[in-house]
Amino acid sequence: MRTQLKVTRDGDAFIARLTPRQVSAMYEALSHLRHRNRGDTELTLLVGAGREAVDALVERLAGRHTESRDFRLTMEELHMVHSALTAAPTMFVDRGGVFPQEPFHIRLGFYRENFDALAYAVVRAVAEA
């Protein structure tokens, strides 16, 4: 998965050029956390927003994307994406503190290092914008 992002500032928001795989990773991370039957308090702790905001962003990211496209994202939405990419893997850590790669990959369709690299790329691209 390509992990570099092109982000430009647009007033209070950012325009991010995302590849289909990047959109898919963001969607999978957010929807996985959203659908774990967590209350609003837990979801807000994990991604910085409640169900309504997460659902709205998940809906915008949903669908089969076949080519790169621009997404207008607020700082709050970028925070949700970054937090979801970093929090989703923690939901797979077993009681012994071990991260099982295979169940993560089967459920989300990506490897943890893909999520880590994309989360880092989001921070770097926004900082450069």
# chains A, B, ... in the order shown; residues from 1 in each chain; ligands from 1
>>> select_by_dssp(residues="chain A", states="helix (DSSP H, G or I)", output="ChimeraX atom specification")
/A:20-34,40-47,51-61,75-92,101-108,112-128
>>> residues_around(residues="Asp116 (chain A)", least_positions_apart="2", cutoff="12 Å", atoms="only C-alpha atoms", output="ChimeraX atom specification")
/A:1,3,22,25-26,29,81-90,110-114,118-123
>>> residues_around(residues="Asp40 (chain A)", least_positions_apart="3", cutoff="6 Å", atoms="only C-alpha atoms", output="list in words")
Leu43, Thr44 and Gly50 of chain A
>>> atom_distance(atom1="CA of Arg60 (chain A)", atom2="CA of Ser31 (chain A)")
11.7 Å
>>> select_by_dssp(residues="region 39-129 of chain A", states="strand (DSSP E or B)", output="NGL selection string")
:A and (69-74)
>>> write_last_selection(atoms="all heavy atoms", output="short mmCIF file (atom, residue, chain, number, x, y, z; two decimals), in the first residue's frame")
data_model
loop_
_atom_site.label_atom_id
_atom_site.label_comp_id
_atom_site.auth_asym_id
_atom_site.auth_seq_id
_atom_site.Cartn_x
_atom_site.Cartn_y
_atom_site.Cartn_z
N ARG A 69 -8.75 9.82 -5.34
CA ARG A 69 -9.64 10.97 -5.38
C ARG A 69 -9.40 11.86 -4.18
O ARG A 69 -8.78 11.44 -3.19
CB ARG A 69 -11.08 10.54 -5.49
CG ARG A 69 -11.76 10.08 -4.24
CD ARG A 69 -13.23 9.79 -4.49
NE ARG A 69 -14.06 10.77 -3.85
CZ ARG A 69 -15.09 10.46 -3.08
NH1 ARG A 69 -15.42 9.22 -2.89
NH2 ARG A 69 -15.80 11.40 -2.51
N ASP A 70 -9.88 13.09 -4.27
CA ASP A 70 -9.71 14.06 -3.20
C ASP A 70 -10.84 13.94 -2.18
O ASP A 70 -12.01 13.79 -2.56
CB ASP A 70 -9.69 15.48 -3.76
CG ASP A 70 -8.45 15.77 -4.58
OD1 ASP A 70 -7.45 15.06 -4.42
OD2 ASP A 70 -8.49 16.73 -5.38
N PHE A 71 -10.46 14.03 -0.91
CA PHE A 71 -11.41 14.08 0.19
C PHE A 71 -11.15 15.34 0.97
O PHE A 71 -10.00 15.63 1.33
CB PHE A 71 -11.24 12.87 1.12
CG PHE A 71 -11.79 11.59 0.58
CD1 PHE A 71 -11.05 10.81 -0.28
CD2 PHE A 71 -13.08 11.17 0.92
CE1 PHE A 71 -11.55 9.63 -0.79
CE2 PHE A 71 -13.59 10.00 0.41
CZ PHE A 71 -12.83 9.23 -0.44
N ARG A 72 -12.18 16.09 1.25
CA ARG A 72 -12.07 17.28 2.10
C ARG A 72 -12.34 16.83 3.53
O ARG A 72 -13.43 16.34 3.84
CB ARG A 72 -13.08 18.35 1.68
CG ARG A 72 -12.90 19.66 2.41
CD ARG A 72 -13.85 20.73 1.83
NE ARG A 72 -13.41 22.04 2.18
CZ ARG A 72 -13.69 22.63 3.35
NH1 ARG A 72 -14.38 21.98 4.26
NH2 ARG A 72 -13.25 23.84 3.60
N LEU A 73 -11.32 16.96 4.38
CA LEU A 73 -11.40 16.47 5.75
C LEU A 73 -11.06 17.59 6.73
O LEU A 73 -10.10 18.34 6.52
CB LEU A 73 -10.43 15.30 5.95
CG LEU A 73 -10.67 14.09 5.04
CD1 LEU A 73 -9.46 13.17 5.06
CD2 LEU A 73 -11.92 13.36 5.48
N THR A 74 -11.82 17.66 7.79
CA THR A 74 -11.51 18.62 8.85
C THR A 74 -10.40 18.05 9.73
O THR A 74 -10.07 16.86 9.65
CB THR A 74 -12.75 18.87 9.73
OG1 THR A 74 -13.10 17.64 10.40
CG2 THR A 74 -13.93 19.38 8.90
#
>>> atom_distance(atom1="CA of Arg107 (chain A)", atom2="CA of Leu57 (chain A)")
20.0 Å
>>> atom_distance(atom1="CA of His32 (chain A)", atom2="CA of Asp10 (chain A)")
29.2 Å
>>> closest_residue(among="A:Ala16, A:Ala127, A:Leu5, A:Ala62", to="Leu30 (chain A)", atoms="only C-alpha atoms")
A:Ala62
>>> residues_around(residues="Pro20 (chain A)", least_positions_apart="2", cutoff="6 Å", atoms="only C-alpha atoms", output="JSON, numbers by chain")
{"A": [22, 23, 65, 66, 67, 68]}
